[in-house]
file target.cif (mmCIF, C-alpha atoms)
data_my_file
loop_
_atom_site.group_PDB
_atom_site.id
_atom_site.type_symbol
_atom_site.label_atom_id
_atom_site.label_comp_id
_atom_site.auth_asym_id
_atom_site.auth_seq_id
_atom_site.Cartn_x
_atom_site.Cartn_y
_atom_site.Cartn_z
ATOM 1 C CA MET P 9 21.862 7.713 -36.654
ATOM 2 C CA ILE P 10 19.640 8.658 -33.757
ATOM 3 C CA ASP P 11 21.001 11.485 -31.659
ATOM 4 C CA ALA P 12 20.349 12.082 -27.978
ATOM 5 C CA ALA P 13 18.314 15.252 -28.425
ATOM 6 C CA MET P 14 15.814 13.403 -30.636
ATOM 7 C CA ILE P 15 15.390 10.623 -28.078
ATOM 8 C CA GLU P 16 14.864 13.217 -25.356
ATOM 9 C CA THR P 17 12.185 14.945 -27.431
ATOM 10 C CA ALA P 18 10.506 11.613 -28.125
ATOM 11 C CA VAL P 19 10.547 10.643 -24.443
ATOM 12 C CA THR P 20 9.131 14.051 -23.487
ATOM 13 C CA ILE P 21 6.318 13.748 -26.012
ATOM 14 C CA ILE P 22 5.456 10.210 -24.890
ATOM 15 C CA LEU P 23 5.435 11.316 -21.234
ATOM 16 C CA LEU P 24 3.210 14.305 -22.035
ATOM 17 C CA LEU P 25 0.782 12.074 -23.961
ATOM 18 C CA LEU P 26 0.650 9.645 -21.029
ATOM 19 C CA LEU P 27 0.085 12.582 -18.660
ATOM 20 C CA GLY P 28 -2.824 13.723 -20.812
ATOM 21 C CA ALA P 29 -4.302 10.208 -20.872
ATOM 22 C CA VAL P 30 -3.985 9.870 -17.083
ATOM 23 C CA ALA P 31 -5.529 13.326 -16.561
ATOM 24 C CA ILE P 32 -8.532 12.365 -18.683
ATOM 25 C CA GLY P 33 -8.744 9.110 -16.727
ATOM 26 C CA ILE P 34 -8.772 10.993 -13.393
ATOM 27 C CA VAL P 35 -11.617 13.202 -14.580
ATOM 28 C CA ARG P 36 -13.642 10.352 -16.099
ATOM 29 C CA VAL P 37 -13.355 7.698 -13.420
ATOM 30 C CA ARG P 38 -16.151 7.565 -10.815
ATOM 31 C CA GLY P 39 -14.521 5.380 -8.202
ATOM 32 C CA LEU P 40 -12.428 7.627 -5.965
ATOM 33 C CA PHE P 41 -10.046 4.790 -5.108
ATOM 34 C CA ALA P 42 -9.077 4.485 -8.776
ATOM 35 C CA ALA P 43 -8.787 8.279 -8.984
ATOM 36 C CA VAL P 44 -6.312 8.315 -6.081
ATOM 37 C CA VAL P 45 -4.199 5.604 -7.696
ATOM 38 C CA LEU P 46 -4.270 7.501 -10.995
ATOM 39 C CA LEU P 47 -3.159 10.667 -9.164
ATOM 40 C CA GLY P 48 -0.153 8.696 -7.909
ATOM 41 C CA VAL P 49 0.581 7.573 -11.481
ATOM 42 C CA TYR P 50 0.282 11.193 -12.635
ATOM 43 C CA SER P 51 2.834 12.300 -10.038
ATOM 44 C CA LEU P 52 5.231 9.525 -10.995
ATOM 45 C CA LEU P 53 5.003 10.471 -14.682
ATOM 46 C CA MET P 54 5.505 14.106 -13.703
ATOM 47 C CA ALA P 55 8.606 13.146 -11.695
ATOM 48 C CA THR P 56 9.979 11.276 -14.727
ATOM 49 C CA LEU P 57 9.324 14.340 -16.872
ATOM 50 C CA PHE P 58 11.224 16.501 -14.363
ATOM 51 C CA ILE P 59 14.188 14.110 -14.634
ATOM 52 C CA VAL P 60 14.115 14.433 -18.428
ATOM 53 C CA LEU P 61 14.134 18.218 -17.934
ATOM 54 C CA ASP P 62 17.208 17.851 -15.610
ATOM 55 C CA ALA P 63 15.301 19.124 -12.549
ATOM 56 C CA VAL P 64 16.309 16.243 -10.306
ATOM 57 C CA ASP P 65 15.579 18.055 -7.019
ATOM 58 C CA VAL P 66 12.008 18.773 -8.076
ATOM 59 C CA ALA P 67 11.622 15.223 -9.410
ATOM 60 C CA MET P 68 12.647 13.822 -6.039
ATOM 61 C CA THR P 69 10.106 15.999 -4.233
ATOM 62 C CA GLU P 70 7.353 15.129 -6.703
ATOM 63 C CA ALA P 71 8.017 11.391 -6.436
ATOM 64 C CA ALA P 72 8.186 11.422 -2.634
ATOM 65 C CA VAL P 73 5.289 13.798 -1.945
ATOM 66 C CA GLY P 74 3.018 13.342 -4.957
ATOM 67 C CA ALA P 75 3.356 9.651 -5.655
ATOM 68 C CA GLY P 76 4.187 8.539 -2.126
ATOM 69 C CA VAL P 77 2.935 10.393 0.917
ATOM 70 C CA SER P 78 -0.036 12.262 -0.561
ATOM 71 C CA THR P 79 -1.456 8.993 -1.951
ATOM 72 C CA VAL P 80 -1.472 7.638 1.599
ATOM 73 C CA PHE P 81 -3.169 10.834 2.833
ATOM 74 C CA PHE P 82 -5.823 10.560 0.118
ATOM 75 C CA LEU P 83 -6.453 6.924 1.011
ATOM 76 C CA GLY P 84 -6.701 7.887 4.677
ATOM 77 C CA ALA P 85 -9.246 10.572 3.830
ATOM 78 C CA LEU P 86 -11.170 8.099 1.634
ATOM 79 C CA TRP P 87 -11.299 5.614 4.483
ATOM 80 C CA LEU P 88 -12.968 8.291 6.614
ATOM 81 C CA THR P 89 -15.510 9.267 3.957
ATOM 82 C CA ASP P 90 -16.852 7.406 0.945
ATOM 83 C CA THR P 91 -15.123 5.819 -2.025
ATOM 84 C CA VAL P 92 -17.636 6.657 -4.764
ATOM 85 C CA GLU P 93 -18.105 10.119 -6.204
ATOM 86 C CA ALA P 94 -21.651 11.441 -5.838
ATOM 87 C CA PRO P 95 -23.315 11.715 -9.272
ATOM 88 C CA ALA P 96 -23.737 15.255 -10.568
ATOM 89 C CA LYS P 97 -27.285 16.609 -10.444
ATOM 90 C CA ARG P 98 -27.276 17.977 -13.985
ATOM 91 C CA ARG P 99 -24.836 18.951 -16.676
ATOM 92 C CA GLN P 100 -23.228 22.216 -15.710
ATOM 93 C CA LEU P 101 -21.882 24.607 -18.320
ATOM 94 C CA MET P 102 -20.139 27.070 -16.003
ATOM 95 C CA PRO P 103 -17.172 24.834 -15.005
ATOM 96 C CA LEU P 104 -16.567 24.014 -18.682
ATOM 97 C CA ILE P 105 -16.536 27.712 -19.607
ATOM 98 C CA VAL P 106 -14.163 28.542 -16.731
ATOM 99 C CA ALA P 107 -11.834 25.702 -17.761
ATOM 100 C CA LEU P 108 -11.868 26.757 -21.433
ATOM 101 C CA VAL P 109 -11.192 30.427 -20.595
ATOM 102 C CA THR P 110 -8.328 29.471 -18.262
ATOM 103 C CA ALA P 111 -6.817 27.111 -20.837
ATOM 104 C CA GLY P 112 -7.146 29.796 -23.508
ATOM 105 C CA ALA P 113 -5.443 32.386 -21.298
ATOM 106 C CA LEU P 114 -2.606 29.954 -20.518
ATOM 107 C CA LEU P 115 -2.083 29.090 -24.191
ATOM 108 C CA TRP P 116 -2.133 32.800 -25.056
ATOM 109 C CA GLY P 117 0.454 33.494 -22.347
ATOM 110 C CA LEU P 118 2.555 30.579 -23.620
ATOM 111 C CA SER P 119 3.147 32.351 -26.931
ATOM 112 C CA ASP P 120 5.002 35.105 -25.052
ATOM 113 C CA LEU P 121 7.437 32.772 -23.267
ATOM 114 C CA PRO P 122 11.026 32.573 -24.501
ATOM 115 C CA GLN P 123 12.219 29.449 -26.292
ATOM 116 C CA PHE P 124 12.774 26.518 -23.902
ATOM 117 C CA GLY P 125 16.344 26.488 -22.610
ATOM 118 C CA SER P 126 17.289 29.572 -24.600
ATOM 119 C CA PRO P 127 20.284 31.480 -23.187
ATOM 120 C CA ASP P 128 18.816 34.803 -24.355
ATOM 121 C CA GLN P 129 16.004 34.950 -21.814
ATOM 122 C CA PRO P 130 16.157 37.951 -19.468
ATOM 123 C CA ILE P 131 16.766 35.741 -16.425
ATOM 124 C CA HIS P 132 20.088 34.572 -17.873
ATOM 125 C CA ARG P 133 21.230 37.976 -19.117
ATOM 126 C CA GLN P 134 20.623 40.126 -16.044
ATOM 127 C CA GLY P 135 21.152 39.760 -12.325
ATOM 128 C CA ALA P 136 23.602 37.711 -10.319
ATOM 129 C CA ASP P 137 25.175 34.650 -11.928
ATOM 130 C CA TYR P 138 24.573 32.049 -9.222
ATOM 131 C CA LEU P 139 26.005 29.230 -11.349
ATOM 132 C CA ALA P 140 29.387 30.938 -11.335
ATOM 133 C CA SER P 141 29.336 32.445 -7.844
ATOM 134 C CA SER P 142 27.875 29.544 -5.819
ATOM 135 C CA LEU P 143 31.108 27.583 -5.343
ATOM 136 C CA PRO P 144 33.404 30.525 -4.426
ATOM 137 C CA ASP P 145 30.728 32.142 -2.214
ATOM 138 C CA THR P 146 29.355 29.178 -0.334
ATOM 139 C CA GLY P 147 31.530 26.159 -1.135
ATOM 140 C CA ILE P 148 28.415 24.260 -2.232
ATOM 141 C CA PRO P 149 28.588 22.663 -5.713
ATOM 142 C CA ASN P 150 24.827 22.021 -5.975
ATOM 143 C CA VAL P 151 23.498 25.431 -6.991
ATOM 144 C CA VAL P 152 19.913 24.433 -6.174
ATOM 145 C CA THR P 153 20.839 23.951 -2.521
ATOM 146 C CA SER P 154 22.888 27.146 -2.277
ATOM 147 C CA VAL P 155 20.108 29.205 -3.898
ATOM 148 C CA LEU P 156 17.386 27.645 -1.723
ATOM 149 C CA ALA P 157 19.169 27.745 1.607
ATOM 150 C CA SER P 158 21.513 30.709 1.269
ATOM 151 C CA TYR P 159 20.782 33.206 -1.509
ATOM 152 C CA ARG P 160 17.033 32.807 -1.147
ATOM 153 C CA GLY P 161 17.005 31.780 2.512
ATOM 154 C CA PHE P 162 14.053 34.059 3.211
ATOM 155 C CA ASP P 163 11.851 32.203 0.706
ATOM 156 C CA THR P 164 12.747 28.830 2.179
ATOM 157 C CA LEU P 165 12.004 30.158 5.672
ATOM 158 C CA GLY P 166 8.592 31.146 4.292
ATOM 159 C CA GLU P 167 8.068 27.661 2.819
ATOM 160 C CA THR P 168 9.045 26.019 6.091
ATOM 161 C CA THR P 169 6.592 28.291 7.877
ATOM 162 C CA VAL P 170 3.875 27.210 5.416
ATOM 163 C CA VAL P 171 4.576 23.540 6.227
ATOM 164 C CA PHE P 172 4.583 24.441 9.937
ATOM 165 C CA THR P 173 1.227 26.214 9.577
ATOM 166 C CA ALA P 174 -0.226 23.193 7.762
ATOM 167 C CA GLY P 175 0.978 20.892 10.540
ATOM 168 C CA ILE P 176 -0.412 23.075 13.303
ATOM 169 C CA GLY P 177 -3.701 23.458 11.426
ATOM 170 C CA ILE P 178 -4.070 19.703 10.967
ATOM 171 C CA LEU P 179 -3.267 19.104 14.639
ATOM 172 C CA ALA P 180 -5.803 21.725 15.722
ATOM 173 C CA LEU P 181 -8.559 20.355 13.474
ATOM 174 C CA LEU P 182 -8.145 16.592 13.469
ATOM 175 C CA ARG P 183 -6.240 15.574 16.580
ATOM 176 C CA ARG P 184 -8.138 13.608 19.167
ATOM 177 C CA ARG P 185 -7.810 15.315 22.494
ATOM 178 C CA ARG P 186 -7.051 13.331 25.580
ATOM 179 C CA GLY P 187 -10.167 12.159 27.371
ATOM 180 C CA GLU P 188 -12.380 12.869 24.375
ATOM 181 C CA GLY P 189 -12.878 9.164 23.780
ATOM 182 C CA GLY P 190 -13.677 7.741 20.360
ATOM 183 C CA ASN P 191 -14.484 10.622 18.106
ATOM 184 C CA MET Y 1224 -3.298 -6.737 6.508
ATOM 185 C CA ARG Y 1225 -1.592 -7.017 9.878
ATOM 186 C CA LEU Y 1226 -1.171 -10.761 9.424
ATOM 187 C CA ASP Y 1227 0.338 -10.551 5.963
ATOM 188 C CA VAL Y 1228 3.788 -12.088 6.378
ATOM 189 C CA VAL Y 1229 5.145 -10.899 3.020
ATOM 190 C CA LEU Y 1230 4.281 -7.260 3.702
ATOM 191 C CA ARG Y 1231 5.638 -7.348 7.244
ATOM 192 C CA VAL Y 1232 8.949 -8.943 6.287
ATOM 193 C CA THR Y 1233 9.485 -6.701 3.250
ATOM 194 C CA THR Y 1234 8.749 -3.640 5.360
ATOM 195 C CA LYS Y 1235 11.320 -4.722 7.894
ATOM 196 C CA PHE Y 1236 13.920 -5.023 5.162
ATOM 197 C CA MET Y 1237 12.995 -1.687 3.593
ATOM 198 C CA LEU Y 1238 12.836 0.515 6.684
ATOM 199 C CA ALA Y 1239 16.558 0.772 7.427
ATOM 200 C CA PRO Y 1240 17.598 1.511 3.803
ATOM 201 C CA LEU Y 1241 14.781 4.094 3.571
ATOM 202 C CA LEU Y 1242 15.953 5.947 6.671
ATOM 203 C CA LEU Y 1243 19.570 5.676 5.554
ATOM 204 C CA PHE Y 1244 18.621 7.072 2.145
ATOM 205 C CA ALA Y 1245 16.828 9.952 3.865
ATOM 206 C CA LEU Y 1246 19.991 10.774 5.819
ATOM 207 C CA TYR Y 1247 22.047 10.516 2.627
ATOM 208 C CA VAL Y 1248 19.691 12.899 0.818
ATOM 209 C CA GLN Y 1249 19.846 15.249 3.809
ATOM 210 C CA PHE Y 1250 23.615 15.419 4.218
ATOM 211 C CA HIS Y 1251 24.589 14.967 0.566
ATOM 212 C CA GLY Y 1252 22.226 17.736 -0.545
ATOM 213 C CA ASP Y 1253 25.163 20.116 -0.888
ATOM 214 C CA TYR Y 1254 26.725 17.924 -3.577
ATOM 215 C CA GLY Y 1255 23.838 16.070 -5.229
ATOM 216 C CA PRO Y 1256 20.103 16.466 -5.593
ATOM 217 C CA GLY Y 1257 18.067 16.713 -2.438
ATOM 218 C CA GLY Y 1258 17.993 18.621 0.807
ATOM 219 C CA GLY Y 1259 15.985 19.013 3.955
ATOM 220 C CA PHE Y 1260 12.554 18.924 2.346
ATOM 221 C CA GLN Y 1261 13.107 15.758 0.294
ATOM 222 C CA ALA Y 1262 14.904 13.991 3.148
ATOM 223 C CA GLY Y 1263 12.111 14.891 5.558
ATOM 224 C CA VAL Y 1264 9.461 13.458 3.266
ATOM 225 C CA ILE Y 1265 11.456 10.240 2.670
ATOM 226 C CA ALA Y 1266 12.064 9.701 6.397
ATOM 227 C CA ALA Y 1267 8.399 10.416 7.132
ATOM 228 C CA ALA Y 1268 7.422 7.935 4.395
ATOM 229 C CA ALA Y 1269 9.471 5.271 6.194
ATOM 230 C CA ILE Y 1270 7.603 5.880 9.468
ATOM 231 C CA ILE Y 1271 4.244 6.028 7.638
ATOM 232 C CA LEU Y 1272 5.037 2.714 5.908
ATOM 233 C CA TYR Y 1273 5.749 1.177 9.295
ATOM 234 C CA GLY Y 1274 2.459 2.580 10.590
ATOM 235 C CA LEU Y 1275 0.526 1.236 7.601
ATOM 236 C CA ILE Y 1276 1.804 -2.297 8.128
ATOM 237 C CA ASN Y 1277 2.014 -2.534 11.925
ATOM 238 C CA GLY Y 1278 -0.753 -0.189 12.972
ATOM 239 C CA LEU Y 1279 -0.843 3.233 14.549
ATOM 240 C CA GLY Y 1280 0.149 2.143 18.070
ATOM 241 C CA PRO Y 1281 3.594 0.686 17.245
ATOM 242 C CA ALA Y 1282 4.350 3.668 14.980
ATOM 243 C CA GLN Y 1283 3.503 6.063 17.801
ATOM 244 C CA LYS Y 1284 5.914 4.166 20.036
ATOM 245 C CA ILE Y 1285 8.739 5.081 17.622
ATOM 246 C CA VAL Y 1286 7.641 8.670 17.035
ATOM 247 C CA PRO Y 1287 5.261 9.772 19.804
ATOM 248 C CA VAL Y 1288 2.756 12.567 19.227
ATOM 249 C CA GLY Y 1289 4.380 14.656 21.949
ATOM 250 C CA LEU Y 1290 7.698 14.550 20.075
ATOM 251 C CA LEU Y 1291 5.984 15.710 16.880
ATOM 252 C CA GLU Y 1292 4.461 18.665 18.679
ATOM 253 C CA VAL Y 1293 7.974 19.702 19.727
ATOM 254 C CA LEU Y 1294 9.586 19.049 16.341
ATOM 255 C CA ILE Y 1295 7.057 20.902 14.150
ATOM 256 C CA PRO Y 1296 7.771 24.342 15.673
ATOM 257 C CA GLY Y 1297 11.328 23.254 16.584
ATOM 258 C CA GLY Y 1298 12.443 23.122 12.941
ATOM 259 C CA VAL Y 1299 11.144 26.626 12.229
ATOM 260 C CA LEU Y 1300 12.794 27.873 15.431
ATOM 261 C CA ILE Y 1301 16.156 26.366 14.390
ATOM 262 C CA TYR Y 1302 15.829 28.115 11.026
ATOM 263 C CA VAL Y 1303 14.935 31.466 12.593
ATOM 264 C CA GLY Y 1304 17.593 30.928 15.266
ATOM 265 C CA VAL Y 1305 20.319 30.581 12.607
ATOM 266 C CA GLY Y 1306 19.042 33.795 11.044
ATOM 267 C CA ILE Y 1307 19.108 35.644 14.360
ATOM 268 C CA ALA Y 1308 22.562 34.224 15.178
ATOM 269 C CA GLY Y 1309 23.777 35.802 11.943
ATOM 270 C CA MET Y 1310 22.231 39.097 13.031
ATOM 271 C CA LEU Y 1311 23.907 38.953 16.448
ATOM 272 C CA LEU Y 1312 27.261 38.371 14.731
ATOM 273 C CA GLY Y 1313 26.831 41.559 12.766
ATOM 274 C CA ASP Y 1314 25.255 40.399 9.502
ATOM 275 C CA ASN Y 1315 21.830 40.686 7.962
ATOM 276 C CA PHE Y 1316 19.093 38.236 8.965
ATOM 277 C CA LEU Y 1317 19.859 34.803 7.401
ATOM 278 C CA ASP Y 1318 23.310 35.896 6.249
ATOM 279 C CA TYR Y 1319 25.695 33.160 7.336
ATOM 280 C CA ASN Y 1320 29.042 34.792 6.527
ATOM 281 C CA HIS Y 1321 30.146 35.284 10.146
ATOM 282 C CA LEU Y 1322 28.984 31.958 11.575
ATOM 283 C CA ALA Y 1323 32.508 30.488 11.197
ATOM 284 C CA HIS Y 1324 36.051 31.760 10.844
ATOM 285 C CA ASP Y 1325 35.665 32.581 7.165
ATOM 286 C CA SER Y 1326 32.651 33.325 4.997
ATOM 287 C CA VAL Y 1327 32.682 30.077 2.961
ATOM 288 C CA HIS Y 1328 32.699 27.942 6.104
ATOM 289 C CA GLY Y 1329 30.056 30.194 7.611
ATOM 290 C CA GLN Y 1330 27.837 29.622 4.569
ATOM 291 C CA GLU Y 1331 28.349 25.854 4.786
ATOM 292 C CA TRP Y 1332 27.424 25.844 8.468
ATOM 293 C CA GLY Y 1333 24.417 28.076 7.887
ATOM 294 C CA VAL Y 1334 23.053 25.928 5.044
ATOM 295 C CA PHE Y 1335 23.691 22.756 7.056
ATOM 296 C CA LEU Y 1336 21.786 24.036 10.120
ATOM 297 C CA VAL Y 1337 18.970 25.547 8.100
ATOM 298 C CA GLU Y 1338 18.462 22.267 6.212
ATOM 299 C CA ILE Y 1339 18.181 20.443 9.539
ATOM 300 C CA GLY Y 1340 15.428 22.871 10.523
ATOM 301 C CA VAL Y 1341 13.577 22.224 7.261
ATOM 302 C CA PHE Y 1342 14.011 18.458 7.717
ATOM 303 C CA LEU Y 1343 12.562 18.460 11.247
ATOM 304 C CA THR Y 1344 9.489 20.514 10.352
ATOM 305 C CA VAL Y 1345 8.686 18.605 7.138
ATOM 306 C CA PHE Y 1346 9.323 15.187 8.730
ATOM 307 C CA SER Y 1347 7.138 15.843 11.756
ATOM 308 C CA THR Y 1348 4.358 17.595 9.829
ATOM 309 C CA MET Y 1349 3.978 14.680 7.380
ATOM 310 C CA ILE Y 1350 3.791 12.187 10.231
ATOM 311 C CA ALA Y 1351 1.385 14.422 12.176
ATOM 312 C CA ILE Y 1352 -0.970 14.547 9.167
ATOM 313 C CA TYR Y 1353 -0.812 10.750 8.851
ATOM 314 C CA TYR Y 1354 -1.511 10.269 12.567
ATOM 315 C CA ALA Y 1355 -4.417 12.727 12.385
ATOM 316 C CA PHE Y 1356 -6.079 10.792 9.557
ATOM 317 C CA ALA Y 1357 -5.274 7.311 10.828
ATOM 318 C CA GLY Y 1358 -6.301 8.116 14.408
ATOM 319 C CA ARG Y 1359 -9.900 8.926 13.558
ATOM 320 C CA ARG Y 1360 -12.683 6.423 13.450
ATOM 321 C CA ARG Y 1361 -14.973 6.151 10.488
ATOM 322 C CA SER Y 1362 -18.078 8.265 11.045
#

call {"tool": "encode", "arguments": {"input": "target.cif", "output": "structure tokens"}}
result
Amino acid sequence: MIDAAMIETAVTIILLLLLGAVAIGIVRVRGLFAAVVLLGVYSLLMATLFIVLDAVDVAMTEAAVGAGVSTVFFLGALWLTDTVEAPAKRRQLMPLIVALVTAGALLWGLSDLPQFGSPDQPIHRQGADYLASSLPDTGIPNVVTSVLASYRGFDTLGETTVVFTAGIGILALLRRRRGEGGN
Amino acid sequence: MRLDVVLRVTTKFMLAPLLLFALYVQFHGDYGPGGGFQAGVIAAAAIILYGLINGLGPAQKIVPVGLLEVLIPGGVLIYVGVGIAGMLLGDNFLDYNHLAHDSVHGQEWGVFLVEIGVFLTVFSTMIAIYYAFAGRRRS
């Protein structure tokens, strides 16, 4: 008998291995076009992983932004510049050291995290129980939406402002003004 | 690419379902996955797809640059406006309890309006970024 939890673990492990392989591919490949396509693949795998972890809202965002729109933006930027990465002058040790130290710190921090999905973590034991109070408070069954738009409305206003700032910044930097001609 | 019949015809078939799906994600976000951000990106992807296949000019006929420049701040203003409306009705900023006759309906209205604000800003920003990149000539 194969039970569902084992299949889920297997799928997660396979997805993580594929993610690792794609990440190595992104770093190794010299052609930027291939790198952009691999970044799209990475986002799609990530979205699948989010679905396995039951975070469907995040998966949707990752698939639409990461695999869809940002790939187009990268290709647009590539079209304006060059499609081959400039070769490095010499082997540099500093980036490797920084990466190793960061990875070490993350792994060290990982040992302090609670067990995945454990009900004993502090976030589930203290504070408001949004899962129980969302429907009577707001009439919205999807707790993600009620937390984002109502309970944590301030944060979402901040996120919207970030998107707004990005849009205004892009318009200010890249938009062709009227009468400016070609470029 | 502009002469590729397969791409043009497939795009035509895909555009309407894409936009419809964006609206579904927007208005069904209370019950299923999704919300203003996801819907905005999906709708923007539909317009960007149209622009990729048919060129920048036809895309800008559907969504002109002037409209984007209104929508980008407009979404944030709708969001802030809902917050201030709550304040004027005697609540805290972004508290929707008094927007309707009872608090549950007020919350539903507040979330609905706020999500529209998020949708407008995300949708127009994504398209504005695409226009900015696609409108430049290669240096």

call {"tool": "atom_distance", "arguments": {"input": "target.cif", "atom1": "CA of Gln1249 in chain Y", "atom2": "CA of Gly1340 in chain Y"}}
result
11.1 Å

call {"tool": "closest_residue", "arguments": {"input": "target.cif", "among": "Y:His1251, Y:His1324, Y:Lys1235, Y:Lys1284", "to": "chain P", "atoms": "only C-alpha atoms"}}
result
Y:His1251

call {"tool": "interface_residues", "arguments": {"input": "target.cif", "of": "chain Y", "to": "chain P", "cutoff": "8 Å", "atoms": "all atoms listed in the file", "output": "PyMOL selection string"}}
result
chain Y and resi 1252-1258+1260-1261+1264-1265+1268+1295-1296+1299+1302-1303+1317-1319+1326-1328+1330-1331+1333-1334+1337-1338+1341+1344-1345+1348-1349+1351-1353+1355-1362

call {"tool": "residues_around", "arguments": {"input": "target.cif", "residues": "Leu1241 in chain Y", "least_positions_apart": "3", "cutoff": "7 Å", "atoms": "only C-alpha atoms", "output": "MDAnalysis selection string"}}
result
chainID Y and resid 1237:1238 1244:1245 1266 1269

call {"tool": "residues_around", "arguments": {"input": "target.cif", "residues": "Thr91 in chain P", "least_positions_apart": "4", "cutoff": "7 Å", "atoms": "only C-alpha atoms", "output": "list in words"}}
result
Gly39, Leu40, Phe41 and Leu86 of chain P

call {"tool": "residues_around", "arguments": {"input": "target.cif", "residues": "Leu1311 in chain Y", "least_positions_apart": "5", "cutoff": "10 Å", "atoms": "only C-alpha atoms", "output": "ChimeraX atom specification"}}
result
/Y:1305-1306,1316,1321-1322

call {"tool": "atom_distance", "arguments": {"input": "target.cif", "atom1": "CA of Leu26 in chain P", "atom2": "CA of Leu53 in chain P"}}
result
7.7 Å
